[in-house]
Amino acid sequence: MNPDTAGPPMTLRFTEISAPRPDSDSLAAQHDAIDTLLDDGDRAAALAAWDKARRDYETWSSLVHLTFAQDTTDKEAVAAREYADALAPEAATHETALKRRLLANPDRAGLEALAGAHAVALWETDITAFDPAIAAETEEESRLGARYTALLAGAKVSVQAKEVNLSGLAPFAEDPDRSIRHEAETARWDFFARNGEELDSIYDQLVGLRTGMARKLGDATFTPLAYRRMRRLDYGPADVARYRESVARHVTPLVARILEARRATHGWDKLRYWDESLIDAAGNPKPAGDHDMLVMAAQEMFARMDPRLSGFYAMMREGGFIDLKNRPGKAGGGFCTSFPSVGAPFIFANFNGTHNDIGVFTHEMGHAFQCWESRNQPGVDYLWPTMEAAEIHSMGLEYLTHPHMGLLVGDAAADRYRAMHLVSALSFLPYGVCVDHFQHEVYANPEATPAERHAMWQRLEKFYMPWTDYGDLAYPAKGGRWQAKQHIYNSPFYYIDYTLALCVALQFWVWSRRDPKGALDAYVALCGRGGSMPFQGLVASAGLTSPFAEGALEAAVAEAAAVLGL
């Protein structure tokens, strides 16, 4: 079913979504048929057939990888994921060959008229990011990433005489009792210490693979290839470096003041790492109820905000497009995936009874709503924007829901939640740019040993987060904290995106404080544009300022600091 002809939202059911399982022969036959259409001079029909083929393939791949994430111990799901990972380079080979053929046609204006100028620009970048020569490395990269995911998903740690997975540690890590927070972090980092050698090995292999792929494609290091894989068309590493400097200049000193005030409030001699997560002196606000209560309260929240959000969420909830409960074997974290053959998204998360449940839910709902609003974009390349733009939708919704937080945490805790959310955002920025800077250094020095990589992290952590004191937590103290960040392993260079988007999302927040309807309407319109423009073009289209513009970050952060009385 093409999303243009899809029925009303209420008719969609996740259990009814399916896609044909491709194989080498079917992929080859599909692309032969598209080539024949091009041979016959029917470029419009070829593009239409290719778009449908890509939607079907991506729907199948999303279903396979979602099923694996829902239970990483399921043997059939593991086998299906391995099959998909092995087939992916073949699909990429066909896709790259077709893009090269389309781009080789001298009638560029005609191609842009049919596919869109931005799509053509994306294809020009894509063909430099893959070649059949790196197919084996691409498959191995996926296998190593899945090994990391399964290792962390299978973690079993004990805290307060309870066995939990890593996601289940969150309530203990935010407990008002300092000793319990310390116990939780001790349990977490003992797991990483026990598995440190394997984690180092996995990452060492990933760095080697990625560097080898880049060199085969003509790059001295992986970094330029990584930027092209992320489809970053309108900025580069130099822009990102200036942005990181801006965070260090304007945000790091502010966060240091916030944490020093927290230390003084509690009367601690030093603020330790396990104290950073206790943002509210009275205890971080928690959801006002369990999973089922939150799911239903969110329906009322969206109804108060806008009928477009409310109707969409009802479809997601009633159609089975959400999986939010934490359980053994389930992959950690949260994400939004989609099934472009029908235009529907799916939200995956691990609720654990903390404020993070609200944050991850509203965040992934932002991704999902954008996916839904842009489902009728003319081509699959426009369904999602590049990642830093996609994070505007997710983080933006986090802030646009602020006025209605009483429904989720209770009226008495709503102001405290809003303040905590702003403090969390400010505190995240130095960490986010540290993750990015670390990866730039890692891939600039691919021959570094694991110990040297840990030293890199230590040095950068002291620059961006000089307040960090791990106390007796030996593993992160020696530079191992980065190994808990799955993006570093599985989505290289996908992290600065959150900090760039946060700068823009805070602008939506400022706007909504003065003009709630205008801000929400601009947000919905931005979601509908999908990926039809590059990052800075999308930001400008919403009437907002690029994070790379002088003063953009400083102005957004200053407003947050003023509201917090800092």
# chains A, B, ... in the order shown; residues from 1 in each chain; ligands from 1
>>> select_by_dssp(residues="range 118-260 of chain A", states="strand (DSSP E or B)", output="short mmCIF file (atom, residue, chain, number, x, y, z; two decimals) with N, CA and C atoms, in the first residue's frame")
data_model
loop_
_atom_site.label_atom_id
_atom_site.label_comp_id
_atom_site.auth_asym_id
_atom_site.auth_seq_id
_atom_site.Cartn_x
_atom_site.Cartn_y
_atom_site.Cartn_z
N VAL A 157 22.76 -7.31 36.46
CA VAL A 157 23.49 -6.74 37.59
C VAL A 157 22.57 -6.72 38.80
N SER A 158 23.19 -6.67 39.96
CA SER A 158 22.42 -6.72 41.21
C SER A 158 22.55 -5.40 41.96
N VAL A 159 21.40 -4.86 42.39
CA VAL A 159 21.38 -3.66 43.21
C VAL A 159 20.22 -3.77 44.18
N LYS A 162 18.26 -6.90 44.09
CA LYS A 162 17.42 -7.15 42.92
C LYS A 162 18.31 -7.31 41.69
N GLU A 163 17.95 -8.28 40.85
CA GLU A 163 18.67 -8.45 39.59
C GLU A 163 17.94 -7.67 38.50
N VAL A 164 18.66 -6.79 37.82
CA VAL A 164 18.07 -5.97 36.77
C VAL A 164 19.03 -5.92 35.58
#
>>> select_by_dssp(residues="range 55-242 of chain A", states="helix (DSSP H, G or I)", output="VMD selection string")
chain A and resid 55 to 70 75 to 104 108 to 115 117 to 126 132 to 153 167 to 173 178 to 194 196 to 216 222 to 229 237 to 242
>>> closest_residue(among="A:Asp472, A:Glu461, A:Asp306, A:Asp39", to="Thr401 in chain A", atoms="only C-alpha atoms")
A:Asp306
>>> residues_around(residues="range 211-228 of chain A", least_positions_apart="3", cutoff="9 Å", atoms="only C-alpha atoms", output="PyMOL selection string")
chain A and resi 125-126+128-131+133-134+137-138+206-208+231-233+236-237+439-440+443-446+492-493
>>> residues_around(residues="Gln30 in chain A", least_positions_apart="2", cutoff="12 Å", atoms="only C-alpha atoms", output="PyMOL selection string")
chain A and resi 22-28+32-37+46+49-54+56-57+91+94-95+98
>>> write_last_selection(atoms="N, CA and C atoms", output="compact mmCIF listing (two decimals), in the first residue's frame")
# COMPACT_ATOMS: atom_id res chain seq x y z
N PRO A 22 13.35 -10.30 0.65
CA PRO A 22 14.17 -10.31 -0.56
C PRO A 22 15.30 -11.32 -0.47
N ASP A 23 15.86 -11.65 -1.63
CA ASP A 23 17.08 -12.44 -1.68
C ASP A 23 17.92 -11.91 -2.84
N SER A 24 19.05 -12.53 -3.06
CA SER A 24 19.95 -12.04 -4.10
C SER A 24 19.28 -12.03 -5.46
N ASP A 25 18.54 -13.08 -5.76
CA ASP A 25 17.89 -13.18 -7.08
C ASP A 25 16.80 -12.12 -7.24
N SER A 26 15.99 -11.94 -6.21
CA SER A 26 14.88 -10.98 -6.34
C SER A 26 15.41 -9.55 -6.44
N LEU A 27 16.48 -9.25 -5.70
CA LEU A 27 17.07 -7.91 -5.80
C LEU A 27 17.61 -7.66 -7.21
N ALA A 28 18.29 -8.68 -7.74
CA ALA A 28 18.86 -8.53 -9.09
C ALA A 28 17.75 -8.36 -10.13
N ASP A 32 17.12 -5.20 -12.53
CA ASP A 32 17.15 -5.42 -13.98
C ASP A 32 15.91 -4.80 -14.64
N ALA A 33 14.77 -4.96 -13.98
CA ALA A 33 13.53 -4.40 -14.52
C ALA A 33 13.59 -2.87 -14.55
N ILE A 34 14.19 -2.28 -13.52
CA ILE A 34 14.33 -0.82 -13.49
C ILE A 34 15.30 -0.37 -14.58
N ASP A 35 16.39 -1.12 -14.76
CA ASP A 35 17.34 -0.80 -15.83
C ASP A 35 16.68 -0.87 -17.20
N THR A 36 15.79 -1.84 -17.37
CA THR A 36 15.09 -1.97 -18.65
C THR A 36 14.22 -0.75 -18.92
N LEU A 37 13.55 -0.26 -17.90
CA LEU A 37 12.75 0.96 -18.06
C LEU A 37 13.63 2.14 -18.46
N ALA A 46 10.81 4.31 -14.18
CA ALA A 46 11.93 3.69 -13.48
C ALA A 46 12.05 4.23 -12.06
N ALA A 49 9.22 2.83 -9.91
CA ALA A 49 9.45 1.43 -9.55
C ALA A 49 10.54 1.31 -8.49
N TRP A 50 11.56 2.13 -8.63
CA TRP A 50 12.66 2.11 -7.67
C TRP A 50 12.18 2.59 -6.30
N ASP A 51 11.36 3.62 -6.28
CA ASP A 51 10.85 4.14 -5.02
C ASP A 51 10.04 3.07 -4.30
N LYS A 52 9.19 2.36 -5.02
CA LYS A 52 8.40 1.29 -4.40
C LYS A 52 9.31 0.19 -3.88
N ALA A 53 10.33 -0.17 -4.67
CA ALA A 53 11.25 -1.22 -4.26
C ALA A 53 11.98 -0.83 -2.98
N ARG A 54 12.40 0.42 -2.88
CA ARG A 54 13.11 0.88 -1.69
C ARG A 54 12.18 0.89 -0.48
N ASP A 56 9.60 -1.07 0.05
CA ASP A 56 9.37 -2.45 0.46
C ASP A 56 10.59 -3.01 1.19
N TYR A 57 11.78 -2.75 0.64
CA TYR A 57 13.00 -3.26 1.25
C TYR A 57 13.19 -2.67 2.65
N ALA A 91 22.13 -5.10 -1.50
CA ALA A 91 21.13 -4.08 -1.79
C ALA A 91 21.80 -2.73 -2.03
N HIS A 94 23.37 -2.60 -5.58
CA HIS A 94 22.38 -2.31 -6.62
C HIS A 94 21.95 -0.84 -6.57
N GLU A 95 21.71 -0.35 -5.38
CA GLU A 95 21.23 1.02 -5.24
C GLU A 95 22.29 2.02 -5.71
N LEU A 98 22.50 2.08 -9.48
CA LEU A 98 21.39 2.79 -10.10
C LEU A 98 21.55 4.30 -9.95
>>> closest_residue(among="A:Phe361, A:Arg481, A:Val342, A:Arg459", to="Thr11 in chain A", atoms="only C-alpha atoms")
A:Val342
>>> closest_residue(among="A:Trp384, A:Tyr489, A:Trp467, A:Trp372", to="Gln205 in chain A", atoms="only C-alpha atoms")
A:Tyr489
>>> closest_atom_pairs(of="range 530-562 of chain A", to="range 377-381 of chain A", cutoff="8 Å", atoms="only C-alpha atoms", output="JSON lines")
{"residue": "A:Gly530", "atom": "CA", "partner": "A:Gln377", "partner_atom": "CA", "distance": 7.3}
{"residue": "A:Gly531", "atom": "CA", "partner": "A:Asp381", "partner_atom": "CA", "distance": 7.0}
{"residue": "A:Ser532", "atom": "CA", "partner": "A:Gln377", "partner_atom": "CA", "distance": 7.9}
>>> write_last_selection(atoms="C-alpha atoms", output="PDB file, in the first residue's frame")
ATOM      1  CA  GLY A 530      10.473  15.754   6.189  1.00  0.00           C
ATOM      2  CA  GLY A 531      13.863  15.581   4.545  1.00  0.00           C
ATOM      3  CA  SER A 532      13.088  17.791   1.568  1.00  0.00           C
TER       4      SER A 532
END
>>> atom_distance(atom1="CA of Ala281 in chain A", atom2="CA of Tyr475 in chain A")
27.6 Å
>>> residues_around(residues="range 395-398 of chain A", least_positions_apart="5", cutoff="7 Å", atoms="only C-alpha atoms", output="tab-separated table (two decimals) with N, CA and C atoms, in the first residue's frame")
chain	number	residue	atom	x	y	z
A	359	GLY	N	10.79	11.62	29.11
A	359	GLY	CA	11.69	12.20	28.13
A	359	GLY	C	11.82	11.35	26.88
A	362	THR	N	8.29	11.32	24.86
A	362	THR	CA	8.00	12.52	24.07
A	362	THR	C	9.02	12.69	22.95
A	363	HIS	N	10.26	12.29	23.20
A	363	HIS	CA	11.32	12.37	22.19
A	363	HIS	C	11.00	11.48	20.99
A	366	GLY	N	8.11	12.57	18.91
A	366	GLY	CA	8.45	13.63	17.97
A	366	GLY	C	8.96	13.06	16.66
A	502	LEU	N	19.26	20.34	19.83
A	502	LEU	CA	18.85	20.93	21.10
A	502	LEU	C	18.89	22.46	21.03
A	505	ALA	N	15.76	23.21	19.20
A	505	ALA	CA	14.58	22.88	20.00
A	505	ALA	C	14.34	23.91	21.10
A	508	PHE	N	12.43	26.68	19.75
A	508	PHE	CA	10.99	26.37	19.73
A	508	PHE	C	10.40	26.60	21.12
>>> residues_around(residues="Ala344 in chain A", least_positions_apart="6", cutoff="9 Å", atoms="only C-alpha atoms", output="ChimeraX atom specification")
/A:3,12,14,316,321,337-338,368,371-372,375
>>> residues_around(residues="Phe535 in chain A", least_positions_apart="3", cutoff="8 Å", atoms="only C-alpha atoms", output="list of chain:residue names")
A:Arg232, A:Asp234, A:Pro385, A:Thr386, A:Glu388, A:Ala389, A:Leu538, A:Val539
>>> write_last_selection(atoms="C-alpha atoms", output="PDB file, in the first residue's frame")
ATOM      1  CA  ARG A 232      25.719  16.091   5.806  1.00  0.00           C
ATOM      2  CA  ASP A 234      25.702  21.933   4.278  1.00  0.00           C
ATOM      3  CA  PRO A 385      15.662  14.332   7.149  1.00  0.00           C
ATOM      4  CA  THR A 386      19.311  13.918   8.059  1.00  0.00           C
ATOM      5  CA  GLU A 388      20.545  16.433  13.193  1.00  0.00           C
ATOM      6  CA  ALA A 389      17.360  17.782  11.595  1.00  0.00           C
ATOM      7  CA  LEU A 538      14.982  23.161   7.272  1.00  0.00           C
ATOM      8  CA  VAL A 539      15.956  25.278  10.281  1.00  0.00           C
TER       9      VAL A 539
END
